[in-house]
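Data first, discussion second: the structure below is written as structure tokens.
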Amino acid sequence: MATTACFIIVSRNDIPIYEAEVGSAAKREDAAQLHQFILHAALDIVQDLAWTTSAMYLKAIDRFNDLVVSVYVTAGHTRLMLLHDSRNDDGIKSFFQEVHELYIKILLNPLYLPGSRITSSHFDTKVRALARKYL
Amino acid sequence: MTVDPANTSLGRMLLEEISPVVMVLSTPLVEEDCLKNGLSFLQMLNPFSSFNNIDVPVRTASDQPYRLQKFKLRLYYASDVKQPNLEVGKKKLKEIVTEAGEKDLSELCSDAPQISNALVSSESGNPSSWFQCFNKQLVHMVSFSDHEAFDHPVACLLVASSKDEQPINRFVDLFNTNKLPSLLNDGAMDPKILKHYLLVHDNQDGPLDRATKLLAEMRSTFGSSDCQLLCINSSQNVQLKHQENPWAPYKSDASPSQHLGCFLNVDDISEIKDLMQDLSSKHIIPYMEQKIRVLNQQVSATRKGFRNQIKNLWWRKGKEDVVDSPTGSMYTFSSIESQIRVLGDCAFMLRDYELALSNYRLISTDYKLDKAWKRYAGVQEMIGLTYFLLDQSRKEAEYCLENAFNTYSKLGSSGQQNATRCGLWWIEMLKTRDQYKEAATVYFRVCGEDPLPSAVMLEQASYCYLLTKPSMLRKYGFHLVLAGDHYKKCDQIKHAIRTYRSAISVLKGTTWNHIKDHVHFHIGQWYASLEMYDVAVKHMLEVLACSHQSKTTQEFFLRDFLQIVQKTGKTFEVMKLQLPVINISSLKIIFEDNRTYASPSAASTRESLWRSLEEEMIPSFSTARTNWLELQSKLIPKKYRESNVCVAGEAVKVGIEFKNPLQIAISISGVSLICQLWQKTDEGTPDGNKSSEENDNDDNCEKLTTNIRDISSDDSLFILSEVDCSLGAGETITVQLTVTPRVEGTLQIVGVRWKLSGSVVGFHNFQSIYVKKNVVKGSRKAKLSPNDNLKFMVIKSIPRLHGSIQPLPEKVYAGTLQQLVLELRNQSEYPVKNLKMKVSHSRFLNIGNRENLTTQFPACLEKERDSGQSGALANSDMSHDVFLFPEDTLIQGKMPFLWPLWLRAAVPGYISLYISIYYEMGDISSVIRYRTLRLHYNLQVLPSLDVSFQISPSPLRLQQFLVRMDVVNRTSTESFQLHQLSSVGNQWEISLLQPPDSIFPLHSLKAGQGLSCFFMLKSCRKLSNSEDTISSISTPLASDVRLVPQGSGDSVYDITRSPLVDFHHCERLQQESSQQGDLNVIDFILISRMLKINADPGFCNAPHLISHHSCHCSVASAAPISWLVEGPGTLHHNFSSFCEVKLKMTIYNSSGATTFVRMKTFDSAGNVGRLTGVNAIQSATPGNQAGWHDVSLVNDIKVASNVPGTQLGKPLSLESVCPFIWSGPSSTNVQLEPKSSVEIPLQVCVFSPGTYDLSNYVLNWNLSPSNGRGNHEEGRQASGTCQGYPYYITLLQSA
């Protein structure tokens, strides 16, 4: 399990619709905004890279000091972004794929408005379980 | 792109930074002379040391000469030719930054810069002018290092003054090795350098004679070409002002009053110019050419060619283990490596890049092999730059610079400064090629631990991101924030604010809430630390509604915010205060025009509900629909119909939700509305001219509110209510605000204002952020604009009724009957008349008579013994109609008007009672002629008793029925006393089977207890035939049974009295079934009382009764017929022959239709048998009556089960000859008219003594279909079969 990991889902309008600190390290008060800053800035890179490949998993696209940003872009241009300090590429890929499935299930909910915040607690627990499993 | 590399910014930079160094050695007298002009000697020469068009032919190693155009000499005092002190350098850096920060101060107060502006200005390089200064300073921090040769002086300028004694000696002294820089002494460079001797003469000191003499002397000593004379300060006593002061750019810290070079006239300047030109073109450049040629020859001899290369490789290998410390002084100036490097640098400075490159590459591999990493990195750096200037192999150039950068970085702290310089050059190169993104990453890599340079680097990185195409704005913002944080670390608050402000322009409106909070909160804090509280508060406001943050952070934010506000020392007025959040969609406005409300709950009820209730009462719309247009237009003038109307002196209520998004409690105070009122001045045109007092119609809310606060004193046009409240964590409350206009005119509700924590005033304008207003009424006004919905016509005061119902409890038990009083008050002096009332649930609420007010309840219901039938039976149909108060009812003045009401909680559950009272204005003419008062009450009815009745025909008598009443107490705490059971209708008579004492030993029914008791019900009608006319149910006469013991003193209640009978009527309608008019139904009313008075405040302690109405209990069984077999029970016979017994069967048709009945008897052995056989004989002894009792018990059970004949006698095991036979006709057909009975004689023959069950007969019945009642009987069968029920006959052997 990574000591620091921040997972965030960004809608196609660049609005974060789900955020979770899934690292094992103790949560620091200022970490939240630093992570947001890094991930937010990494969107610029994603914007460039997303159209250069047909793969959804973009691997590690950006880094800040020892923190790496890995991104997975869905077909609807929703971006699953993970900020992490571990080097477990396969695990991250599996994590993204499974979260993508969960996200699709959320989308299938007729009461969920695409692009709105994901508030499902079920989704949250599932994501955290996946993070424990793969990261 | 065909830009000459030399003309790019990097090219120019290199030209400046990598150019020949001239070491200046001067005597103190020279400096003294120069200081008259406010300049040092060096500064005096500096402006003239760079040449744009020197046009000197140069021939280096190759035979082809070329011409140099641009050239620059760097002049340094000998004392400065050393590695600069790191601390001093840092101090200088800080000075530059601080100075730049001061300049920006003015901008800090202005609005946040736009991105487009930032883009334009950074492209032109304007805001980053101090960046160049800073970068230059960074580069200078590593000058004169020993591993590079381009900083090594190529020439030495020795200067003495003509005033000096013995100038020749002074010259010699100047070039004293002790004072020379360490570079020359420690062998890093060749101490034999070009020397040039200069004699400075101050013309103010006197004529030139001595100087020329000295010059001649010098020339003879040092050689004629190397000596020169310079005359300065020729301008005698006159201070000159130079139009374009050439020194100004070089001496930035000069005070404006000081005139630089004030004693230097044109001749002096041209002389200096000539001197420098001469020095460059005639001495330095040829000297360098010479040096290159010499070195080149040496290098060629030792290193070029195949043989030398082999030798070098071999030799290097041998040397490998010797050299470990790369920084050691193993490379003296005489070593071949140093010479190659010097050769390369000289060639570079004379722009022979090919030559430089070949030498650099030659030396690079050597250094690498020697693991002399610093030198290697330095050479790599130069290779990169050379590639760049040659404009070839971009990749290679980048690679070399990166390599150099990495190598420097690996060296640790010693290479840090070099790495920075290398990085800067690399960045410049990338920028030149528009690779801004890469440049930004290099900037990021350049950042070291030192916060100040890092901050500047990060900021430059951010501008690079901005310049990338397309702009990477998020990266720009992020790096600005990082830079800001670094600035903050080294106390450069102004720079920090500047960067954050730029960042805000990008991050404005972001939904990444942590980012937003971070930026706004810090910038707010920093502004506060600069004591710019206004701006600080503006930023802090943005972070207040931070529901996503942790509790501690929220507390921290709020505390800081309030501290800053306190420091400002005034109450802030904020238009967009986010705390607490206002739910604008919850805005609810309640105003009273001709609809008035007794309670807020009444106002929140749907308008349509009231409308349907009032439909019959209100004259205007419903009565004459054909010409409603006309009517309505007559009723209210057009203007009033289009806008909302409210009455002066009556409050307009506004309900709005405040939500606290935080996890900490906040307090708000002084919540009130912001309103405007235009007073009507002219009766004729009330809309035309508004009172100028508050004619402030613009939306400038700030101004408006101050205006309103001023006038909200006593004599203002309206009164506002103020509410203080505290919001807990995450709490949402609805605040009720009122505005009461006092004069006629137009009232406009503008918004709401409140004070947060006693220091910040927030406003919310309803119109500007209007979403959807939820005005309770006025669905027909939907087409109006929102503004109009908040606008009211205020009309003059008219009467208004206040009403309430006393004492209406909140909770009652089902069945509770209680007297209530409707109280109406009219505060106004004008009377109201023509009162009407309508109640939504007449089953629950009944309108009484005026006499009821004076009577005592429940005593008034008690049956008076003597009086027969009081004609109290009142308006039975009133429930669905409008109740008209007596004509003479006038409500006026302070006297309350009272009217009795009856409440009966009919069924358990939650009940909303709606009452509407219509009244008309008395003696007043107004646009509103009538008003309605709407009352709404909620009632919770709890279950009390469950009462059910079962009626079965008595087997002993026709027209008699057994009634079983099951009562269960459903409450958990209450005890009930059952008082009486009444049957409604005059044809029934009810009586108890047992005395009450035996049924209710405790006289009460405890909580949860259930009991059954039995009654006998007798029909009083003539049994005989159907000839008596069916009396209508108009006057139900009652028959009552007291369930309390006789002595308890309570008398029986008369159920025919007013409230009871009315409610009973409602219940009858409610419980209506198909058997209407059926005479076989009966209604029961059970009256009980609660024993102890409940202490629960929700309950009312008023005297009460509890009545349970059970209507339409049918006495009829499933079949329309009932019958009774009569005969002797026990007979004695001697059985000499068979015994013949005569029986009688009475069949009664209880249905309303003619019925055909066929009675059949049969003697089949399977069904019939002797019950006890032989045993019967034995048991027939007179003393043993047990068997008889058994039988009677069976009889009882049968009655209770109400399904006669379903249980046939069990087939007996004893298969014998049937002991009796039916001896009459085996089948009889009769026709029965409705409600009539007929008798059939029966006969059985019994052969032996015993007890016999005579149930083996069957009745087939068939209803006549011809009767018109058919539709009522649909639920029933048209025909059926009834098994006979047991009739036991016992025959005893007579003696």
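Chain labels A, B, ... are given in the sequence in which chains occur in the structure tokens; within each chain residues are numbered consecutively from 1, and ligands are likewise numbered from 1 in the order shown.
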
For Ile8 in chain A, work out the shell of residues within 6 Å, counting only C-alpha atoms and skipping chain neighbours fewer than 4 positions away, then give it as number ranges by chain. A: 18-19, 81

Select, as a list in words, those residues of chain B with any atom no more than 10 Å from chain A (distances computed using only C-alpha atoms).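 The contacting residues on chain B are Phe444, Arg445, Tyr465, Pro470, Ser471, Met472, Leu473, Arg474, Lys475, Tyr476, Gly477, Phe478, His479, Val481, Leu482, Thr510, Thr511, Trp512, Asn513, His514, Ile515, Lys516, Asp517, His518, Val519, Gln549, Ser550, Thr552 and Thr553 of chain B.
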
DSSP on the backbone: what in range 804-860 of chain B comes out strand (DSSP E or B), as a PyMOL selection string? chain B and resi 804-806+811-813+816-826+832-839+845-847

Selected residues written out with N, CA, C and O atoms, as a short mmCIF file (atom, residue, chain, number, x, y, z; two decimals), in the first residue's frame:
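result31.cif, written as the output of this step:
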data_model
loop_
_atom_site.label_atom_id
_atom_site.label_comp_id
_atom_site.auth_asym_id
_atom_site.auth_seq_id
_atom_site.Cartn_x
_atom_site.Cartn_y
_atom_site.Cartn_z
N SER B 804 -59.57 32.01 16.88
CA SER B 804 -58.90 30.84 17.39
C SER B 804 -59.97 29.91 17.97
O SER B 804 -61.08 30.33 18.24
N ILE B 805 -59.59 28.68 18.08
CA ILE B 805 -60.51 27.71 18.66
C ILE B 805 -59.92 27.28 19.98
O ILE B 805 -58.77 26.84 20.05
N GLN B 806 -60.69 27.42 21.05
CA GLN B 806 -60.22 27.08 22.37
C GLN B 806 -61.11 25.99 22.94
O GLN B 806 -62.31 26.06 22.77
N LYS B 811 -53.63 16.28 20.88
CA LYS B 811 -53.79 14.83 20.80
C LYS B 811 -55.09 14.46 21.49
O LYS B 811 -55.36 14.96 22.58
N VAL B 812 -55.83 13.62 20.88
CA VAL B 812 -57.01 13.10 21.54
C VAL B 812 -57.10 11.62 21.25
O VAL B 812 -56.49 11.11 20.30
N TYR B 813 -57.87 10.95 22.08
CA TYR B 813 -58.13 9.55 21.80
C TYR B 813 -59.35 9.46 20.90
O TYR B 813 -60.24 10.31 20.95
N THR B 816 -63.25 10.71 21.24
CA THR B 816 -63.44 11.76 22.24
C THR B 816 -64.39 12.83 21.71
O THR B 816 -64.24 13.32 20.60
N LEU B 817 -65.35 13.15 22.53
CA LEU B 817 -66.30 14.19 22.18
C LEU B 817 -66.08 15.33 23.14
O LEU B 817 -66.04 15.13 24.35
N GLN B 818 -65.94 16.52 22.62
CA GLN B 818 -65.52 17.63 23.45
C GLN B 818 -66.16 18.90 22.95
O GLN B 818 -66.43 19.05 21.76
N GLN B 819 -66.36 19.81 23.85
CA GLN B 819 -66.93 21.09 23.44
C GLN B 819 -65.80 22.09 23.24
O GLN B 819 -64.90 22.19 24.08
N LEU B 820 -65.87 22.82 22.13
CA LEU B 820 -64.85 23.83 21.85
C LEU B 820 -65.56 25.16 21.64
O LEU B 820 -66.76 25.20 21.38
N VAL B 821 -64.75 26.19 21.72
CA VAL B 821 -65.32 27.52 21.50
C VAL B 821 -64.52 28.23 20.44
O VAL B 821 -63.29 28.29 20.51
N LEU B 822 -65.20 28.70 19.45
CA LEU B 822 -64.56 29.53 18.43
C LEU B 822 -64.61 30.97 18.90
O LEU B 822 -65.69 31.48 19.24
N GLU B 823 -63.43 31.57 18.93
CA GLU B 823 -63.38 32.93 19.45
C GLU B 823 -62.93 33.85 18.32
O GLU B 823 -61.88 33.64 17.73
N LEU B 824 -63.70 34.84 18.03
CA LEU B 824 -63.36 35.79 16.97
C LEU B 824 -63.23 37.18 17.57
O LEU B 824 -64.05 37.58 18.39
N ARG B 825 -62.19 37.87 17.13
CA ARG B 825 -61.99 39.24 17.62
C ARG B 825 -61.77 40.15 16.44
O ARG B 825 -61.16 39.77 15.46
N ASN B 826 -62.21 41.33 16.61
CA ASN B 826 -62.01 42.35 15.59
C ASN B 826 -61.33 43.52 16.26
O ASN B 826 -61.93 44.19 17.10
N VAL B 832 -67.66 44.05 11.35
CA VAL B 832 -67.75 43.16 10.20
C VAL B 832 -69.08 42.42 10.33
O VAL B 832 -69.62 42.25 11.42
N LYS B 833 -69.61 42.00 9.21
CA LYS B 833 -70.95 41.40 9.22
C LYS B 833 -70.99 40.25 8.22
O LYS B 833 -69.98 39.95 7.55
N ASN B 834 -72.19 39.70 8.12
CA ASN B 834 -72.44 38.61 7.16
C ASN B 834 -71.44 37.47 7.31
O ASN B 834 -70.80 37.07 6.36
N LEU B 835 -71.31 37.00 8.50
CA LEU B 835 -70.33 35.95 8.71
C LEU B 835 -70.84 34.60 8.23
O LEU B 835 -72.00 34.26 8.42
N LYS B 836 -69.96 33.88 7.60
CA LYS B 836 -70.26 32.51 7.19
C LYS B 836 -69.07 31.66 7.59
O LYS B 836 -67.96 32.15 7.72
N MET B 837 -69.34 30.39 7.74
CA MET B 837 -68.24 29.51 8.13
C MET B 837 -68.38 28.20 7.40
O MET B 837 -69.46 27.70 7.16
N LYS B 838 -67.24 27.62 7.11
CA LYS B 838 -67.24 26.29 6.53
C LYS B 838 -66.12 25.46 7.16
O LYS B 838 -65.03 25.95 7.38
N VAL B 839 -66.44 24.21 7.39
CA VAL B 839 -65.50 23.31 8.04
C VAL B 839 -65.19 22.18 7.07
O VAL B 839 -66.08 21.69 6.37
N LEU B 845 -65.65 17.94 13.29
CA LEU B 845 -65.95 19.23 13.90
C LEU B 845 -67.38 19.58 13.52
O LEU B 845 -67.74 19.58 12.35
N ASN B 846 -68.14 19.90 14.51
CA ASN B 846 -69.53 20.21 14.27
C ASN B 846 -69.81 21.58 14.86
O ASN B 846 -69.26 21.95 15.90
N ILE B 847 -70.64 22.30 14.19
CA ILE B 847 -70.93 23.65 14.66
C ILE B 847 -72.16 23.59 15.55
O ILE B 847 -73.18 23.02 15.18
#

For the alpha helix (DSSP H) assignment from backbone DSSP, which residues of chain A qualify? Please present them as a ChimeraX atom specification. /A:31-49,89-108,121-134

Atoms kept (C-alpha atoms) for selection, written as a CSV table (one decimal), in the first residue's frame:
chain,number,residue,atom,x,y,z
A,31,ALA,CA,-1.7,17.7,2.1
A,32,ALA,CA,-5.2,17.9,0.7
A,33,GLN,CA,-4.6,21.2,-1.1
A,34,LEU,CA,-1.2,20.2,-2.3
A,35,HIS,CA,-2.6,17.1,-3.8
A,36,GLN,CA,-5.3,19.0,-5.4
A,37,PHE,CA,-2.9,21.5,-6.8
A,38,ILE,CA,-0.7,18.8,-8.3
A,39,LEU,CA,-3.6,16.9,-9.8
A,40,HIS,CA,-5.2,20.1,-11.0
A,41,ALA,CA,-2.0,21.2,-12.7
A,42,ALA,CA,-1.6,17.7,-14.2
A,43,LEU,CA,-4.8,18.2,-16.1
A,44,ASP,CA,-2.8,20.4,-18.5
A,45,ILE,CA,-0.6,17.5,-19.3
A,46,VAL,CA,-3.6,15.1,-19.7
A,47,GLN,CA,-5.2,17.5,-22.1
A,48,ASP,CA,-2.2,17.1,-24.4
A,49,LEU,CA,-1.6,13.5,-23.9
A,89,ASP,CA,2.3,0.2,-12.4
A,90,ASP,CA,0.3,-3.0,-12.9
A,91,GLY,CA,-1.5,-2.5,-9.6
A,92,ILE,CA,-2.4,1.0,-10.6
A,93,LYS,CA,-3.7,-0.1,-14.0
A,94,SER,CA,-5.9,-2.8,-12.4
A,95,PHE,CA,-7.1,-0.3,-9.9
A,96,PHE,CA,-8.1,2.1,-12.6
A,97,GLN,CA,-9.9,-0.6,-14.6
A,98,GLU,CA,-11.9,-1.7,-11.6
A,99,VAL,CA,-12.8,1.8,-10.6
A,100,HIS,CA,-13.8,2.5,-14.1
A,101,GLU,CA,-16.3,-0.4,-13.9
A,102,LEU,CA,-17.6,1.0,-10.6
A,103,TYR,CA,-17.9,4.4,-12.3
A,104,ILE,CA,-19.9,2.9,-15.1
A,105,LYS,CA,-22.3,1.4,-12.6
A,106,ILE,CA,-22.7,4.8,-11.1
A,107,LEU,CA,-23.4,6.2,-14.6
A,108,LEU,CA,-26.1,3.5,-15.2
A,121,SER,CA,-21.1,5.6,0.1
A,122,HIS,CA,-21.1,2.2,-1.6
A,123,PHE,CA,-18.9,3.6,-4.3
A,124,ASP,CA,-16.6,5.1,-1.7
A,125,THR,CA,-16.1,1.9,0.3
A,126,LYS,CA,-15.6,0.0,-2.9
A,127,VAL,CA,-12.9,2.4,-4.1
A,128,ARG,CA,-11.1,2.3,-0.8
A,129,ALA,CA,-11.2,-1.5,-0.8
A,130,LEU,CA,-9.7,-1.5,-4.3
A,131,ALA,CA,-7.0,0.9,-3.2
A,132,ARG,CA,-6.1,-1.4,-0.3
A,133,LYS,CA,-6.0,-4.3,-2.7
A,134,TYR,CA,-4.0,-2.9,-5.5

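Across the model, the gap from CA of Asn176 in chain B to CA of Asp202 in chain B is 25.4 Å.
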
Atom-to-atom span, CA of His1108 in chain B and CA of Tyr937 in chain B, Å: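 So the two atoms, CA of His1108 in chain B and CA of Tyr937 in chain B, lie 22.8 Å apart.
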
Counting only C-alpha atoms, the option among B:Trp899, B:Tyr1148, B:Arg210, B:Ile951 closest to Cys1113 in chain B: B:Ile951

Shell of 6 Å around range 57-61 of chain A, only C-alpha atoms, local chain residues under 4 positions omitted, as a list in words: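 Contacts, with the query itself left out: Val69, Ser70, Val71 and Tyr72 of chain A.
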
Distance in Å - CA of Arg63 in chain A versus CA of Glu398 in chain B: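 Straight-line distance from CA of Arg63 in chain A to CA of Glu398 in chain B works out to 21.5 Å.
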
Using only C-alpha atoms, determine which residues lie at most 12 Å from Ala75 in chain A, disregarding the query and same-chain residues fewer than 2 positions distant; provide the list as a short mmCIF file (atom, residue, chain, number, x, y, z; two decimals) with N, CA, C and O atoms, in the first residue's frame.
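After the write, out-v4.cif holds the following:
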data_model
loop_
_atom_site.label_atom_id
_atom_site.label_comp_id
_atom_site.auth_asym_id
_atom_site.auth_seq_id
_atom_site.Cartn_x
_atom_site.Cartn_y
_atom_site.Cartn_z
N SER A 11 -14.55 15.30 -13.80
CA SER A 11 -15.53 15.20 -14.88
C SER A 11 -14.97 15.88 -16.13
O SER A 11 -13.94 16.54 -16.10
N ARG A 12 -15.70 15.71 -17.22
CA ARG A 12 -15.21 16.27 -18.49
C ARG A 12 -15.15 17.79 -18.42
O ARG A 12 -14.48 18.43 -19.22
N ALA A 50 -3.93 12.99 -23.83
CA ALA A 50 -5.10 12.12 -24.01
C ALA A 50 -5.36 11.86 -25.49
O ALA A 50 -5.88 10.80 -25.85
N TRP A 51 -5.02 12.80 -26.33
CA TRP A 51 -5.35 12.65 -27.76
C TRP A 51 -4.22 12.03 -28.56
O TRP A 51 -4.32 11.86 -29.75
N SER A 54 -4.54 5.86 -28.02
CA SER A 54 -5.87 5.29 -27.96
C SER A 54 -6.08 4.54 -26.66
O SER A 54 -7.18 4.11 -26.36
N ALA A 55 -5.01 4.37 -25.92
CA ALA A 55 -5.15 3.66 -24.65
C ALA A 55 -5.82 4.56 -23.62
O ALA A 55 -5.68 5.78 -23.67
N MET A 56 -6.55 3.94 -22.74
CA MET A 56 -7.20 4.73 -21.70
C MET A 56 -6.22 5.02 -20.56
O MET A 56 -6.26 6.09 -19.96
N TYR A 57 -5.39 4.07 -20.30
CA TYR A 57 -4.44 4.25 -19.22
C TYR A 57 -3.24 5.01 -19.75
O TYR A 57 -2.53 4.53 -20.63
N TYR A 72 -6.08 7.87 -15.99
CA TYR A 72 -6.85 6.94 -16.81
C TYR A 72 -8.00 7.76 -17.37
O TYR A 72 -8.74 8.39 -16.61
N VAL A 73 -8.11 7.79 -18.68
CA VAL A 73 -9.14 8.63 -19.29
C VAL A 73 -10.22 7.72 -19.86
O VAL A 73 -9.94 6.88 -20.71
N HIS A 77 -14.30 11.00 -21.52
CA HIS A 77 -13.32 12.00 -21.09
C HIS A 77 -13.47 12.35 -19.62
O HIS A 77 -13.15 13.46 -19.19
N THR A 78 -13.93 11.42 -18.86
CA THR A 78 -13.81 11.56 -17.41
C THR A 78 -12.44 11.05 -17.04
O THR A 78 -12.00 10.02 -17.55
N ARG A 79 -11.76 11.78 -16.20
CA ARG A 79 -10.39 11.40 -15.89
C ARG A 79 -10.28 10.85 -14.48
O ARG A 79 -10.73 11.50 -13.53
N LEU A 80 -9.78 9.68 -14.38
CA LEU A 80 -9.48 9.12 -13.07
C LEU A 80 -8.01 9.42 -12.80
O LEU A 80 -7.15 9.00 -13.56
N HIS A 100 -13.07 2.10 -12.95
CA HIS A 100 -13.83 2.47 -14.13
C HIS A 100 -15.14 1.69 -14.18
O HIS A 100 -16.21 2.24 -14.48
N TYR A 103 -17.45 3.11 -11.79
CA TYR A 103 -17.94 4.40 -12.28
C TYR A 103 -19.04 4.20 -13.31
O TYR A 103 -20.04 4.92 -13.32
N ILE A 104 -18.85 3.19 -14.15
CA ILE A 104 -19.89 2.91 -15.14
C ILE A 104 -21.19 2.52 -14.45
O ILE A 104 -22.28 2.94 -14.84
#

For Arg433 in chain B, find every residue with an atom within 12 Å (counting only C-alpha atoms), except residues of its own chain fewer than 2 positions away, and show them as an NGL selection string. :B and (1-5 or 8-10 or 388 or 391 or 394-395 or 397-398 or 426-431 or 435-439 or 468)

Which is closest to Tyr66 in chain B among B:Ile54, B:Leu199, B:Asp352, B:Asp881, if we use only C-alpha atoms?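 Nearest candidate to Tyr66 in chain B out of B:Ile54, B:Leu199, B:Asp352, B:Asp881: B:Asp352.
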
Can you pull out every residue within 9 Å of range 558-563 of chain B, counting only C-alpha atoms, but drop anything in the same chain fewer than 4 positions away, and send it as a ChimeraX atom specification? /B:521,524-525,536-537,540-541,543-544,553-554,567-568,757,759-760

Who sits within 8 Å of Thr932 in chain B, only C-alpha atoms, same chain under 4 positions skipped, as a PyMOL selection string: chain B and resi 594-596+916-919

Written file, previous selection with all heavy atoms, as an mmCIF file, in the first residue's frame:
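Dumped to part.cif:
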data_model
loop_
_atom_site.group_PDB
_atom_site.id
_atom_site.type_symbol
_atom_site.label_atom_id
_atom_site.label_comp_id
_atom_site.auth_asym_id
_atom_site.auth_seq_id
_atom_site.Cartn_x
_atom_site.Cartn_y
_atom_site.Cartn_z
ATOM 1 N N ASN B 594 -57.525 39.689 0.727
ATOM 2 C CA ASN B 594 -58.803 39.327 1.300
ATOM 3 C C ASN B 594 -58.754 37.939 1.910
ATOM 4 O O ASN B 594 -59.735 37.407 2.369
ATOM 5 C CB ASN B 594 -59.937 39.447 0.282
ATOM 6 C CG ASN B 594 -59.562 38.806 -1.020
ATOM 7 O OD1 ASN B 594 -58.635 38.016 -1.038
ATOM 8 N ND2 ASN B 594 -60.251 39.129 -2.078
ATOM 9 N N ARG B 595 -57.586 37.375 1.929
ATOM 10 C CA ARG B 595 -57.416 36.102 2.608
ATOM 11 C C ARG B 595 -56.556 36.359 3.832
ATOM 12 O O ARG B 595 -55.460 36.889 3.709
ATOM 13 C CB ARG B 595 -56.704 35.121 1.669
ATOM 14 C CG ARG B 595 -57.446 34.957 0.365
ATOM 15 C CD ARG B 595 -56.560 34.447 -0.705
ATOM 16 N NE ARG B 595 -55.668 35.488 -1.222
ATOM 17 C CZ ARG B 595 -55.234 35.507 -2.474
ATOM 18 N NH1 ARG B 595 -55.584 34.583 -3.307
ATOM 19 N NH2 ARG B 595 -54.420 36.459 -2.872
ATOM 20 N N THR B 596 -57.049 36.027 4.947
ATOM 21 C CA THR B 596 -56.237 36.216 6.147
ATOM 22 C C THR B 596 -56.071 34.864 6.818
ATOM 23 O O THR B 596 -56.891 33.969 6.639
ATOM 24 C CB THR B 596 -56.898 37.199 7.121
ATOM 25 O OG1 THR B 596 -58.126 36.636 7.560
ATOM 26 C CG2 THR B 596 -57.147 38.535 6.479
ATOM 27 N N SER B 916 -62.825 27.877 7.433
ATOM 28 C CA SER B 916 -62.752 29.160 6.769
ATOM 29 C C SER B 916 -63.951 29.991 7.178
ATOM 30 O O SER B 916 -65.081 29.499 7.179
ATOM 31 C CB SER B 916 -62.722 28.964 5.258
ATOM 32 O OG SER B 916 -62.578 30.196 4.643
ATOM 33 N N ILE B 917 -63.681 31.231 7.542
ATOM 34 C CA ILE B 917 -64.764 32.116 7.975
ATOM 35 C C ILE B 917 -64.779 33.317 7.039
ATOM 36 O O ILE B 917 -63.762 33.962 6.821
ATOM 37 C CB ILE B 917 -64.549 32.579 9.428
ATOM 38 C CG1 ILE B 917 -64.596 31.366 10.345
ATOM 39 C CG2 ILE B 917 -65.596 33.599 9.823
ATOM 40 C CD1 ILE B 917 -64.101 31.631 11.729
ATOM 41 N N TYR B 918 -65.935 33.554 6.504
ATOM 42 C CA TYR B 918 -66.099 34.648 5.549
ATOM 43 C C TYR B 918 -66.741 35.815 6.262
ATOM 44 O O TYR B 918 -67.650 35.621 7.078
ATOM 45 C CB TYR B 918 -66.981 34.137 4.410
ATOM 46 C CG TYR B 918 -67.531 35.200 3.511
ATOM 47 C CD1 TYR B 918 -66.840 35.584 2.369
ATOM 48 C CD2 TYR B 918 -68.748 35.801 3.786
ATOM 49 C CE1 TYR B 918 -67.359 36.550 1.530
ATOM 50 C CE2 TYR B 918 -69.263 36.772 2.959
ATOM 51 C CZ TYR B 918 -68.564 37.153 1.835
ATOM 52 O OH TYR B 918 -69.067 38.106 1.008
ATOM 53 N N TYR B 919 -66.278 36.998 5.999
ATOM 54 C CA TYR B 919 -66.962 38.156 6.567
ATOM 55 C C TYR B 919 -66.839 39.326 5.627
ATOM 56 O O TYR B 919 -65.946 39.385 4.787
ATOM 57 C CB TYR B 919 -66.421 38.494 7.963
ATOM 58 C CG TYR B 919 -64.935 38.730 8.045
ATOM 59 C CD1 TYR B 919 -64.413 40.014 8.009
ATOM 60 C CD2 TYR B 919 -64.047 37.665 8.176
ATOM 61 C CE1 TYR B 919 -63.053 40.226 8.092
ATOM 62 C CE2 TYR B 919 -62.683 37.870 8.257
ATOM 63 C CZ TYR B 919 -62.195 39.150 8.221
ATOM 64 O OH TYR B 919 -60.856 39.362 8.300
#
